[in-house]
Every structure is written in C-alpha cells, then in structure tokens.
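Below: the structure, in structure tokens.
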Amino acid sequence: MRYPVVLFDLDGTLIDSGPIILASFQHTTRTVLGREIPDAELMANVGGYGLYEQMREFDPERVEELVQVYREHNEPLYASLAWCDGMEGALAALKERGHRMGIVSTKRKVTIELAFSALPLGPYFEAVVGSGDTEHHKPHPGPLLKGLELLGGETEEAAYIGDAPFDIQAAKAAGMFAVAVTWGNIHPRERLEAEEPDAIVDHPEELLAIL
C-alpha cells in the first residue's frame with residue numbers, strides 16, 4: 001500500500017455536483033445581476049476559493065445577496081445528487097484494502113451533510129474537513145494537513161485526490177502525493193496539467209492502481 005491515508009475533494013471528485021453548481025451560479029447571476037456570464041467564468045474558482053470570494057468576483061457590492069440566492073437555489077438540488085461514475089465502487093475497494101480516508105472540501109459542513117444525506121458517503125470516511133474547520137482554505141495546505149491530523153499518518157504516506165487546480169496546489173504545498181481527476185468536468189484537463197500533479201487519471205480504476 002503506497003498511500004495508507006487518502007484524502008478526497010468532494011465536488012467533481014466524489015459527487016457529480018458540477019451541473020448543480022453551474023445551474024445555481026447561472027440562476028443567481030441572472031436573478032441578482034441580470035447578467036449572462038460565460039460558464040467558464042462562473043466555474044473558474046470552484047473548488048478553491050469559498051463562495052463569498054467567488055461571488056465577490058461577480059459583484060463586490062452585492063456579495064451577501066448573491067450568496068443567499070445561490071444557497072436558496074442550490075441546497076434543494078442535493079436531493080437529486082449522484083456519484084461520479086465508478087467512485088462508490090472505488091471507495092469500497094480502497095476501504096477493503098485498508099486505506100484510511102477523509103474528505104477535505106471548501107464547502108460548509110451543513111452543505112457537506114446534504115451530500116451525506118443524499119448518498120451513502122458515511123461508511124467510507126473517518127474524517128471530514130469543511131470550510132469552517134481551518135483558518136485558511138485551499139490552495140493553502142492547512143485544510144489538508146488538518147485532515148491528515150484527524151486520520152494520523154505522515155505527509156509522505158498520504159495522497160490527496162481532486163479535480164481542481166487548487167486541489168493540486170494544496171496537495172503539493174502539503175507535501176502529499178497530488179492526484180488530479182478529470183471526470184468532474186468543472187475544470188479543463190489543460191488547467192490541471194498546468195499544475196503538474198504527480199498523477200492525472202481519467203477513470204476510478206486508474207486511481208485504484210496508483211494508490
């Protein structure tokens with residue numbers, strides 16, 4: 001076992017939440033700002049900066065309103081949440097092999113709990129780090145190191161799996177094995193490759209082989 005401790009991002013890595021996020025951004029910016037913003041621009045900072053920081057990019061004077069409208073639209077959509085293809089099976093295989101696993105996300109704990117209510121994530125993860133658990137957020141290594149602290153282990157025997165450039169930056173800053181996954185469809189492959197992850201994978205089966 002190369003990496004006894006495996007930490008995962010949530011959105012676009014474990015759960016297929018990209019369409020939900022995009023729909024809520026589209027609704028919010030149209031409703032509050034009356035603007036049509038390109039999808040790539042709406043999604044550019046997903047997975048790194050928190051929701052307030054993302055909304056500040058669209059209109060720094062209306063951040064609170066933007067966040068409120070986003071959450072009101074977004075949270076009910078979790079009832080239809082789905083796994084990223086193949087990830088539930090991959091998690092079951094990793095657990096059977098004895099890996100200790102955790103989630104490190106920029107989401108609030110209350111939103112993470114919506115995902116846990118919609119999908120059977122609970123049996124696989126011993127630790128969950130959300131946006132309120134650390135002072136700094138990805139791409140700062142702090143959240144990943146918090147997850148490692150909760151699970152025990154050393155950085156050189158830990159891997160972090162994510163679909164965003166901020167995930168790769170955080171993993172490398174933390175001294176962990178950085179794995180980029182492409183199935184989230186939130187960030188283009190070229191943007192992930194530019195961060196020079198230790199590995200980039202297109203299917204969960206490849207992930208199992210690497211770990």
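Here, A, B, ... name the chains of the structure tokens in the order displayed, residue numbers run from 1 inside each chain, and ligands are numbered from 1 in the same displayed order.
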
Contact residues around Gly12 in chain A with only C-alpha atoms at 9 Å, ignoring same-chain residues under 3 positions, as a compact mmCIF listing (two decimals) with all heavy atoms, in the first residue's frame:
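Generated output (selection.txt):
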# COMPACT_ATOMS: atom_id res chain seq x y z
N ASP A 9 -11.12 15.54 -2.31
CA ASP A 9 -12.03 16.65 -2.53
C ASP A 9 -13.43 16.06 -2.69
O ASP A 9 -13.57 14.86 -2.93
CB ASP A 9 -11.59 17.41 -3.79
CG ASP A 9 -12.57 18.48 -4.19
OD1 ASP A 9 -12.94 19.30 -3.34
OD2 ASP A 9 -12.96 18.50 -5.38
N ILE A 15 -18.63 13.38 -5.87
CA ILE A 15 -20.02 13.61 -6.25
C ILE A 15 -20.10 14.43 -7.54
O ILE A 15 -19.29 15.32 -7.77
CB ILE A 15 -20.80 14.31 -5.12
CG1 ILE A 15 -20.18 15.67 -4.77
CG2 ILE A 15 -20.84 13.41 -3.88
CD1 ILE A 15 -20.98 16.48 -3.75
N ASP A 16 -21.10 14.10 -8.36
CA ASP A 16 -21.25 14.76 -9.65
C ASP A 16 -22.07 16.04 -9.47
O ASP A 16 -23.21 16.15 -9.94
CB ASP A 16 -21.94 13.81 -10.63
CG ASP A 16 -21.99 14.37 -12.05
OD1 ASP A 16 -21.18 15.27 -12.35
OD2 ASP A 16 -22.85 13.91 -12.83
N SER A 17 -21.46 17.00 -8.81
CA SER A 17 -22.16 18.23 -8.43
C SER A 17 -21.90 19.40 -9.36
O SER A 17 -22.47 20.48 -9.18
CB SER A 17 -21.78 18.63 -7.00
OG SER A 17 -20.38 18.67 -6.86
N GLY A 18 -21.06 19.21 -10.38
CA GLY A 18 -20.78 20.29 -11.31
C GLY A 18 -22.04 20.89 -11.94
O GLY A 18 -22.20 22.12 -11.95
N GLY A 47 -13.95 25.09 -6.12
CA GLY A 47 -13.03 24.13 -5.54
C GLY A 47 -11.86 24.74 -4.80
O GLY A 47 -11.12 24.03 -4.13
N CYS A 84 -20.05 10.49 -8.81
CA CYS A 84 -19.24 10.45 -10.02
C CYS A 84 -19.12 8.97 -10.43
O CYS A 84 -18.93 8.10 -9.56
CB CYS A 84 -17.85 11.03 -9.78
SG CYS A 84 -17.84 12.82 -9.52
N GLY A 162 -8.19 15.29 -6.23
CA GLY A 162 -9.10 16.39 -6.51
C GLY A 162 -9.21 16.68 -7.99
O GLY A 162 -8.39 16.22 -8.80
N ASP A 163 -10.21 17.48 -8.34
CA ASP A 163 -10.48 17.78 -9.75
C ASP A 163 -10.19 19.23 -10.10
O ASP A 163 -10.50 19.66 -11.22
CB ASP A 163 -11.95 17.47 -10.07
CG ASP A 163 -12.89 18.49 -9.45
OD1 ASP A 163 -12.73 18.81 -8.25
OD2 ASP A 163 -13.79 18.98 -10.15
N ALA A 164 -9.63 20.00 -9.18
CA ALA A 164 -9.41 21.42 -9.41
C ALA A 164 -7.93 21.77 -9.29
O ALA A 164 -7.19 21.11 -8.56
CB ALA A 164 -10.21 22.25 -8.39
N VAL A 181 -8.05 14.36 -11.04
CA VAL A 181 -9.03 13.54 -11.76
C VAL A 181 -9.76 14.42 -12.76
O VAL A 181 -10.01 15.61 -12.51
CB VAL A 181 -10.01 12.86 -10.80
CG1 VAL A 181 -9.25 12.03 -9.76
CG2 VAL A 181 -10.92 13.86 -10.10
N THR A 182 -10.11 13.85 -13.89
CA THR A 182 -10.68 14.64 -14.98
C THR A 182 -12.19 14.50 -15.11
O THR A 182 -12.79 15.22 -15.91
CB THR A 182 -10.05 14.23 -16.32
OG1 THR A 182 -10.35 12.85 -16.59
CG2 THR A 182 -8.54 14.42 -16.30
N TRP A 183 -12.79 13.60 -14.33
CA TRP A 183 -14.21 13.29 -14.58
C TRP A 183 -15.19 14.32 -13.99
O TRP A 183 -16.38 14.24 -14.23
CB TRP A 183 -14.54 11.89 -14.06
CG TRP A 183 -14.17 11.64 -12.64
CD1 TRP A 183 -14.78 12.10 -11.51
CD2 TRP A 183 -13.07 10.81 -12.18
NE1 TRP A 183 -14.15 11.64 -10.38
CE2 TRP A 183 -13.11 10.84 -10.77
CE3 TRP A 183 -12.10 10.05 -12.84
CZ2 TRP A 183 -12.18 10.14 -10.00
CZ3 TRP A 183 -11.19 9.36 -12.06
CH2 TRP A 183 -11.22 9.40 -10.66
N GLY A 184 -14.71 15.29 -13.26
CA GLY A 184 -15.61 16.27 -12.67
C GLY A 184 -16.21 17.23 -13.67
O GLY A 184 -17.29 17.79 -13.45
N ASN A 185 -15.49 17.45 -14.78
CA ASN A 185 -15.96 18.36 -15.84
C ASN A 185 -16.24 19.77 -15.33
O ASN A 185 -17.10 20.47 -15.87
CB ASN A 185 -17.20 17.79 -16.53
CG ASN A 185 -16.92 16.49 -17.25
OD1 ASN A 185 -15.91 16.37 -17.95
ND2 ASN A 185 -17.78 15.51 -17.06
N ILE A 186 -15.52 20.18 -14.30
CA ILE A 186 -15.62 21.54 -13.80
C ILE A 186 -14.47 22.38 -14.32
O ILE A 186 -14.65 23.52 -14.74
CB ILE A 186 -15.66 21.55 -12.25
CG1 ILE A 186 -16.94 20.88 -11.75
CG2 ILE A 186 -15.54 22.98 -11.71
CD1 ILE A 186 -17.02 20.73 -10.24

### Query
Neighbours of Asp39 in chain A within 8 Å (only C-alpha atoms; same-chain residues fewer than 4 positions away dropped), as a PyMOL selection string?
chain A and resi 22+26+43

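Nearest residue to Arg30 in chain A, choosing from A:Ile161, A:Val46, A:Ile103, A:Leu66 and counting only C-alpha atoms: A:Leu66.
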
Report the closest atom pair, with its distance in Å rounded to one decimal, for each residue of range 56-89 of chain A that has an atom no farther than 7 Å from range 111-121 of chain A; count only C-alpha atoms, sort by chain and then rising residue number, and write it as JSON lines.
{"residue": "A:Tyr78", "atom": "CA", "partner": "A:Leu114", "partner_atom": "CA", "distance": 6.4}
{"residue": "A:Ala79", "atom": "CA", "partner": "A:Ala118", "partner_atom": "CA", "distance": 5.9}
{"residue": "A:Leu81", "atom": "CA", "partner": "A:Ala118", "partner_atom": "CA", "distance": 6.4}

### Query
Tell me, which residues of range 33-133 of chain A carry DSSP strand (DSSP E or B), written as a VMD selection string?
chain A and resid 83 100 to 104 127 to 129

Got time to write the residues from that selection, N, CA and C atoms, as an mmCIF file, in the first residue's frame?
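Output (selection-v5.cif):
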data_model
loop_
_atom_site.group_PDB
_atom_site.id
_atom_site.type_symbol
_atom_site.label_atom_id
_atom_site.label_comp_id
_atom_site.auth_asym_id
_atom_site.auth_seq_id
_atom_site.Cartn_x
_atom_site.Cartn_y
_atom_site.Cartn_z
ATOM 1 N N TRP A 83 -23.404 10.060 -7.586
ATOM 2 C CA TRP A 83 -21.972 9.797 -7.523
ATOM 3 C C TRP A 83 -21.305 10.155 -8.850
ATOM 4 N N ARG A 100 -7.161 4.475 5.035
ATOM 5 C CA ARG A 100 -7.952 5.377 5.870
ATOM 6 C C ARG A 100 -8.277 6.605 5.032
ATOM 7 N N MET A 101 -9.552 6.993 5.008
ATOM 8 C CA MET A 101 -9.977 8.017 4.057
ATOM 9 C C MET A 101 -10.700 9.171 4.732
ATOM 10 N N GLY A 102 -10.513 10.358 4.138
ATOM 11 C CA GLY A 102 -11.180 11.556 4.627
ATOM 12 C C GLY A 102 -11.556 12.467 3.477
ATOM 13 N N ILE A 103 -12.410 13.421 3.770
ATOM 14 C CA ILE A 103 -12.832 14.427 2.799
ATOM 15 C C ILE A 103 -12.315 15.786 3.252
ATOM 16 N N VAL A 104 -11.748 16.542 2.328
ATOM 17 C CA VAL A 104 -11.333 17.919 2.590
ATOM 18 C C VAL A 104 -11.976 18.792 1.513
ATOM 19 N N ALA A 127 -12.977 11.031 8.509
ATOM 20 C CA ALA A 127 -12.748 12.440 8.849
ATOM 21 C C ALA A 127 -13.307 13.314 7.738
ATOM 22 N N VAL A 128 -13.858 14.456 8.130
ATOM 23 C CA VAL A 128 -14.372 15.435 7.173
ATOM 24 C C VAL A 128 -13.914 16.818 7.608
ATOM 25 N N VAL A 129 -13.280 17.547 6.699
ATOM 26 C CA VAL A 129 -12.840 18.916 6.953
ATOM 27 C C VAL A 129 -13.611 19.838 6.009
#

### Task
Please provide the set of residues having any atom within 8 Å of range 191-194 of chain A, restricted to only C-alpha atoms, with same-chain residues fewer than 4 positions apart removed, written as a list in words.
Asp163, Ala164, Pro165, Ile168, Ala180, His187 and Ile200 of chain A

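You will find CA of Glu65 in chain A at 9.1 Å from CA of Thr28 in chain A.
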
### Task
Extract the full set of alpha helix (DSSP H) residues from range 17-206 of chain A according to DSSP on the backbone, and format it as an MDAnalysis selection string.
chainID A and resid 18:28 39:43 51:58 63:74 87:97 109:118 142:151 165:174 189:193 204:206

### Surrounding residues of range 141-146 of chain A excluding itself and chain neighbours under 6 positions, 9 Å, only C-alpha atoms, as a ChimeraX atom specification
/A:7,103-106,129-131,133-135,155,160,169-176
